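Working notes for the structure below.
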Amino acid sequence: MRIALTATCIGDVMFPQAPRATALLLERLGHEVFFPERQTCCGQMHVNTGYLDEAVPVVRNHVEAFSPVLDGEWDAVVVPSGSCTGSVRHQQGMVCRRAGLDDLARTAEAVAAKTYELSELLVDVLGVTDVGAYFPHRVTYHPTCHSLRMLHVGDKPLRLLRAVEGIDLVELPAAESCCGFGGTFALKNAETSTAMLADKMTHVKATGAEVLTAGDASCLMHIGGGLSRIRAGVRTLHLAEILASTKDAPAPAGAGPSTRGGAR
Amino acid sequence: MSARDDVLARVRAALGGATATGGPAASGTVARAYREHGDLAPGSPEAVDVLVDRLVDYRAHVHVAASAAEVATIVGDLLADATSVVVPPQLDAAWLGALGAGTAVVPDARDDPRTPDELDRVDAVVTAARVAIADTGTIVLDGEPDQGRRAITLVPDLHVCVVRTDQVVEAVPEAVRLLAAHPERPQTWISGPSATSDIELSRVEGVHGPRTLHVILAPPR
Amino acid sequence: MSRTFLGLPLRRGARTLPDDVARPGGHGTSAGAGPASDAFGDVPHPDAPLRWGGSFPDAAREALQNTQLRRNLAHATSTIRAKRAAVVGEVPDWEALRDAGSAIKTDVMARLPELLEELERNVVARGGVVHWARDADEANRIVADLVKAKGVDEVVKVKSMATQEIGLNEALAAEGIAAYETDLAELIVQLADDMPSHILVPAIHRNRAEIREIFLARMGDAPPDLSDVPRELAMAARAHLRRKFLSAKVAISGANFGVADTGTLTVVESEGNGRMCLTLPETLVTVMGIEKVVPTYTDLEVFLQLLPRSSTGERMNPYTSLWTGVTPGDGPQEFHLVLLDNGRTDVLADEVGRAALHCIRCSACLNVCPVYERVGGHAYGSVYPGPIGAILTPQLTKSSGGLSGHHDPNASLPYASTLCGACYEVCPVKIDIPSILVELRAREVDADRGRPTGWGAAMKAASFVMSDARRFELAEKAAGLGRVVAGPKGRISTLPPPASAWTRSRDLPAPAKQTFRDWWRDRPAPAPPVADPGDTGGFGAAATDNPGFGDGGEGR
């Protein structure tokens with residue numbers, strides 16, 4: 001299959017290991033991966049903050065970057081993010097319509113119909129749950145809100161994780177509770193966000209996991225940022241990184257060198 | 001402009017100025033894919049079993065009577081300690097056949113109502129019912145002469161309600177459609193004794209309404 | 001104002017219950033106006049029940065300091081969430097019921113004028129009197145005049161959001177009429193001069209020990225040996241209210257549903273206080289928002305399944321009362337229905353926002369909301385808290401500035417959400433609260449466009465950068481400078497405002513050494529291994545170069 005990769009803006013700049021793992025994983029499974037260089041961002045940040053006018057050019061750029069999928073240039077578009085996929089699928093059309101751009105809205109919705117979050121692509125489109133990964137570590141999984149409730153990915157990520165060789169997958173208590181990120185919510189309502197984060201971290205620590213994984217780099221940035229601050233000794237890895245991990249090319253896990261007395 | 005005309009004009013304006021009559025969706029167009037009937041036949045033993053399960057779950061006491069005479073025996077037992085019982089005008093007289101001599105029968109009717117204070121001095125009430133919903137453990141009273149005014153099933157602390165098994169339906173829509181024949185009747189839907197969850201959301205049975213609810217399941221007439 | 005462990009308010013300016021007609025013994029015996037009454041803390045007086053206190057972030061920050069409140073909320077909401085999930089799970093056609101509920105409400109909004117006129121016709125035909133109120137003042141005036149016409153100075157009340165919203169109790173008190181709340185939670189709130197913090201359980205922020213304190217201090221006739229066992233507390237309320245019910249001449253209620261094609265009104269309740277009010281007094285006044293009309297009697301079969309399971313997590317609530325006008329010889333012989341606008345037509349005018357009027361006040365969205373669970377209802381500064389409040393309150397107050405930007409605290413409400421979607425998932429009438437929140441944010445942003453703001457400038461700049469890959473790439477290069485801030489550990493722990501809002505509690509990883517874009521361009525064939533030491537940033541970083549967030553647990 002010919003698959004176009006959406007790196008996502010946060011993946012491109014802050015967490016390149018997530019789109020990179022996505023590309024390598026899909027290639028390992030025998031697919032051809034493309035990176036349309038025109039892409040930047042899906043527009044979600046603008047939309048969710050209420051700047052819908054400002055979102056329009058960003059959405060337009062995304063739609064135009066990926067519209068070749070409609071001409072058969074690629075078979076599908078993959079996004080290693082639940083919330084970006086959600087924005088593509090449930091917000092881009094609305095943003096265009098609201099600006100009176102009905103044609104662009106229709107194109108956006110057509111592109112969205114061929115756009116899949118990573119676990120959706122693997123399980124629903126490619127029909128695979130065992131991706132041949134190897135990751136011999138204790139892992140807990142946080143189902144991010146938008147993958148869970150906007151996309152309804154259900155247990156697809158867990159099915160993928162359960163098939164990973166060597167993994168010790170432990171259930172996260174109150175897993176479906178939001179971590180408190182919410183994009184600009186984390187800044188506009190920082191204290192409430194932090195209170196939600198504190199509870200999420202308590203649950204993560206209770207699992208005794210070495211690694212917390214999720215399908216969204218943004219939520220991992222939030223929870224990981226909190227875990228780092230309290231020196232919890234839990235690493236955060238994107239779902240794609242674990243699925244891409246093999247005996248030959250293992251993803252990092254566990255504690256690195258001690259940071260006692262380190263950057264604080 | 002009157003408040004009425006003003007509010008209606010604002011509503012019309014909000015909807016885009018069009019007179020909303022003949023709006024996009026007429027009521028009949030609402031899709032109703034939900035269950036309009038349960039799987040269990042009305043009055044079937046299975047439906048009655050579900051009703052009993054749900055009644056007990058919400059702390060109602062359930063008794064099964066094989067005959068009108070047995071209803072009377074159960075009523076007599078339940079009211080053994082009651083000094084008075086209020087009854088609606090057309091309660092099946094046979095149900096009171098085994099009442100103890102120490103229990104005074106207080107009649108109540110729309111044209112001969114007891115005051116709230118009089119009802120407050122009565123220990124119990126016995127009524128029939130209109131329909132019962134198994135799914136939810138609900139008994140519906142509609143104020144007909146075998147059930148009486150709403151106040152009589154409210155103020156006394158003990159309510160004995162006789163439900164005929166042929167009055168038991170499985171699902172809420174079955175009951176609503178039956179009740180729709182007389183929507184103007186004042187209805188009280190009762191699901192267990194009065195209760196509150198207002199303190200830490202833990203349920204406490206028995207607040208202002210009758211604190212004890214006995215349901216006697218009687219055979220069809 | 002001082003605040004105590006109970007977090008209760010000082011005595012309000014306008015007393016809900018005039019002291020001279022209040023409880024036997026009076027609260028003054030134990031509380032009075034002295035220090036003892038301060039024991040119940042302070043909550044701003046709701047002169048405007050839809051707008052009190054500061055902006056949401058400020059109020060939330062304060063609420064988060066109250067650890068007792070957080071414990072109470074966590075306990076209560078987790079209890080009700082589990083109950084709801086269990087009883088919803090046993091309904092095989094739940095989604096079909098939600099679809100029908102949503103469709104009926106959409107239909108209602110589209111045909112509201114004719115349905116209201118039909119409801120009015122049928123109520124009048126059955127002996128009721130229908131009044132219309134443009135706003136809170138008009139509704140309060142109507143009710144006060146009706147009560148005065150009966151020559152009484154006290155009324156009993158069924159819990160009602162509509163009468164909370166219009167501040168009816170305070171308005172009646174100003175006319176010398178005492179309004180007694182009879183729902184247990186409303187009673188707790190009223191006795192404490194508190195504000196409701198939840199649609200269904202207004203005293204959800206109180207635990208049993210606090211409720212015992214309130215009863216002992218303010219009820220007047222509470223048994224001195226009252227314990228904090230919920231059953232005992234409920235029995236104290238029963239005894240306290242019994243005489244009121246039996247002697248009341250006028251009752252005031254809200255309505256859950258008003259059926260257009262029959263004129264039937266419905267009140268759904270649990271304790272029997274509703275039945276007492278709807279049945280025993282001679283006169284009943286019902287205040288109903290115009291959006292509560294449903295087309296047909298059979299539509300009740302949908303809502304009477306959706307509401308109880310969503311709200312109290314019961315298959316059916318203990319008592320539901322249905323009445324149609326006046327029934328000779330049974331119940332109140334005088335019935336008044338007050339149809340209330342009070343901002344609803346402003347909500348209706350918004351094609352996206354109007355779905356907020358579909359709400360049946362079940363409160364399921366509050367119970368699942370992670371924000372509500374942490375900060376409680378008072379932080380929303382409205383009698384409608386939680387997710388539904390965040391979309392309803394600013395729209396109801398639109399004509400007085402509710403969405404007009406920086407100067408109105410209600411304009412902060414649409415941002416009081418992470419858009420996690422839990423509310424939408426449980427809503428029995430499928431109100432897409434997250435989408436409406438986004439729409440209202442856009443309305444607020446648009447209303448505020450005349451004023452330069454930091455957010456506005458940042459979003460405009462980001463839009464410019466992110467709508468073009470070349471500009472984006474240049475910005476990526478600049479972002480690489482963040483690595484300097486991060487230092488050798490690759491972790492940023494302090495930043496200046498406004499980013500300090502992040503770094504107060506969270507580290508930020510440095511931007512990656514190499515963007516994905518660069519890696520893709522430069523990647524050799526065959527593909528390199530996933531974690532190439534020294535080649536990466538962020539949390540998954542290889543330990544040798546950039547430890548990211550994965551490292552350095554003290555226990556490791």
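Letters A, B, ... go to the chains of the structure tokens in the order shown; residues in each chain start at 1; ligands are counted from 1 in the same order.
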Item to complete: Please report as a ChimeraX atom specification which residues of chain B come no farther than 7 Å from chain C, using only C-alpha atoms.
Response: /B:3-4,7-8,10-12,14-15,20-21,23-27,30-35,110-111,116-117,136,149-151,172-173,176-177,180,183-196,198-201,204,207-209
Practice prompt. As a VMD selection string, please: all residues of range 119-196 of chain A that backbone DSSP puts in helix (DSSP H, G or I).
Written response: chain A and resid 119 to 125 145 to 150 156 to 162 185 to 188 190 to 196
Worksheet item: Counting only C-alpha atoms, what is within 9 Å of Val105 in chain B, bar same-chain residues fewer than 2 positions away, as a list in words?
Response: Thr83, Ser84, Val85, Val86, Val87, Leu96, Thr103 and Pro107 of chain B
Fill in: Close residues, Leu172 in chain C itself excluded, 12 Å, only C-alpha atoms, min 3 positions apart in chain, as number ranges by chain
C: 14-18, 137, 139-148, 152-157, 163, 166-169, 175-180, 252
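Residues in contact range of Ala60 in chain B, defined as at most 6 Å between only C-alpha atoms, with sequence neighbours fewer than 5 positions away removed, read Leu55, Gly192, Leu213 and His214 of chain B.
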Selection to disk with N, CA, C and O atoms, as a PDB file, in the first residue's frame:
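Output saved as result-v5.pdb:
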ATOM      1  N   LEU B  55     -38.392  -4.571  41.852  1.00  0.00           N
ATOM      2  CA  LEU B  55     -39.036  -4.017  43.055  1.00  0.00           C
ATOM      3  C   LEU B  55     -38.179  -4.296  44.290  1.00  0.00           C
ATOM      4  O   LEU B  55     -37.932  -3.412  45.113  1.00  0.00           O
ATOM      5  N   GLY B 192     -40.437   1.897  44.000  1.00  0.00           N
ATOM      6  CA  GLY B 192     -39.905   1.691  45.343  1.00  0.00           C
ATOM      7  C   GLY B 192     -40.398   2.761  46.292  1.00  0.00           C
ATOM      8  O   GLY B 192     -41.146   3.657  45.913  1.00  0.00           O
ATOM      9  N   LEU B 213     -43.144   0.355  51.177  1.00  0.00           N
ATOM     10  CA  LEU B 213     -44.021   0.013  50.058  1.00  0.00           C
ATOM     11  C   LEU B 213     -44.146  -1.505  49.973  1.00  0.00           C
ATOM     12  O   LEU B 213     -43.139  -2.210  49.832  1.00  0.00           O
ATOM     13  N   HIS B 214     -45.378  -1.997  50.121  1.00  0.00           N
ATOM     14  CA  HIS B 214     -45.645  -3.427  49.907  1.00  0.00           C
ATOM     15  C   HIS B 214     -46.400  -3.574  48.595  1.00  0.00           C
ATOM     16  O   HIS B 214     -47.383  -2.873  48.352  1.00  0.00           O
TER      17      HIS B 214
END
Worksheet item: Skipping near chain neighbours, those fewer than 3 positions away, what residues fall within 12 Å of Thr202 in chain A using only C-alpha atoms, listed as a PyMOL selection string?
Response: chain A and resi 172-175+179+195-199+205-209+223+226-227+230+232+234
Write the residues of the preceding selection, restricted to N, CA and C atoms, as a short mmCIF file (atom, residue, chain, number, x, y, z; two decimals), in the first residue's frame.
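Saved result, part.cif, follows:
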data_model
loop_
_atom_site.label_atom_id
_atom_site.label_comp_id
_atom_site.auth_asym_id
_atom_site.auth_seq_id
_atom_site.Cartn_x
_atom_site.Cartn_y
_atom_site.Cartn_z
N LEU A 172 -3.87 0.61 33.29
CA LEU A 172 -3.77 1.90 33.97
C LEU A 172 -5.09 2.20 34.68
N PRO A 173 -5.06 2.41 36.00
CA PRO A 173 -6.32 2.74 36.70
C PRO A 173 -6.91 4.05 36.16
N ALA A 174 -8.23 4.12 36.14
CA ALA A 174 -8.93 5.32 35.65
C ALA A 174 -8.33 5.78 34.32
N ALA A 175 -8.04 4.81 33.46
CA ALA A 175 -7.32 5.09 32.22
C ALA A 175 -8.04 6.13 31.36
N CYS A 179 -5.98 13.55 30.91
CA CYS A 179 -4.75 13.89 31.62
C CYS A 179 -4.67 15.37 31.97
N ALA A 195 -3.98 19.77 38.39
CA ALA A 195 -4.68 18.87 39.31
C ALA A 195 -5.07 17.58 38.61
N MET A 196 -5.49 17.69 37.37
CA MET A 196 -5.85 16.49 36.61
C MET A 196 -4.60 15.67 36.32
N LEU A 197 -3.52 16.37 35.99
CA LEU A 197 -2.25 15.70 35.72
C LEU A 197 -1.76 14.93 36.95
N ALA A 198 -1.92 15.54 38.11
CA ALA A 198 -1.44 14.90 39.34
C ALA A 198 -2.13 13.56 39.55
N ASP A 199 -3.44 13.53 39.31
CA ASP A 199 -4.16 12.27 39.48
C ASP A 199 -3.71 11.24 38.44
N LYS A 205 2.04 5.89 38.22
CA LYS A 205 3.04 5.37 39.15
C LYS A 205 2.56 4.08 39.82
N ALA A 206 1.24 4.01 40.07
CA ALA A 206 0.69 2.84 40.75
C ALA A 206 0.86 1.57 39.92
N THR A 207 1.03 1.72 38.62
CA THR A 207 1.16 0.53 37.78
C THR A 207 2.56 -0.08 37.88
N GLY A 208 3.53 0.70 38.33
CA GLY A 208 4.89 0.22 38.37
C GLY A 208 5.51 0.08 36.98
N ALA A 209 4.89 0.71 35.99
CA ALA A 209 5.37 0.57 34.62
C ALA A 209 6.67 1.37 34.41
N ILE A 223 1.86 14.57 30.18
CA ILE A 223 2.08 13.63 31.28
C ILE A 223 3.57 13.43 31.50
N GLY A 226 5.10 16.21 33.41
CA GLY A 226 4.84 16.09 34.85
C GLY A 226 5.69 15.01 35.48
N LEU A 227 5.78 13.87 34.81
CA LEU A 227 6.58 12.76 35.36
C LEU A 227 8.04 13.15 35.47
N ILE A 230 8.58 15.43 38.52
CA ILE A 230 8.62 14.75 39.83
C ILE A 230 9.63 13.60 39.83
N ALA A 232 9.73 10.76 38.26
CA ALA A 232 8.99 9.54 38.54
C ALA A 232 9.69 8.30 38.01
N VAL A 234 9.52 7.18 35.01
CA VAL A 234 8.71 6.52 33.99
C VAL A 234 8.96 7.23 32.67
#
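A straight line drawn from CA of Arg504 in chain C to CA of Ser412 in chain C is 21.6 Å long.
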Item to complete: For CA of Arg374 in chain C and CA of Arg229 in chain A, quote the distance in Å rounded to one decimal.
Response: 21.2 Å
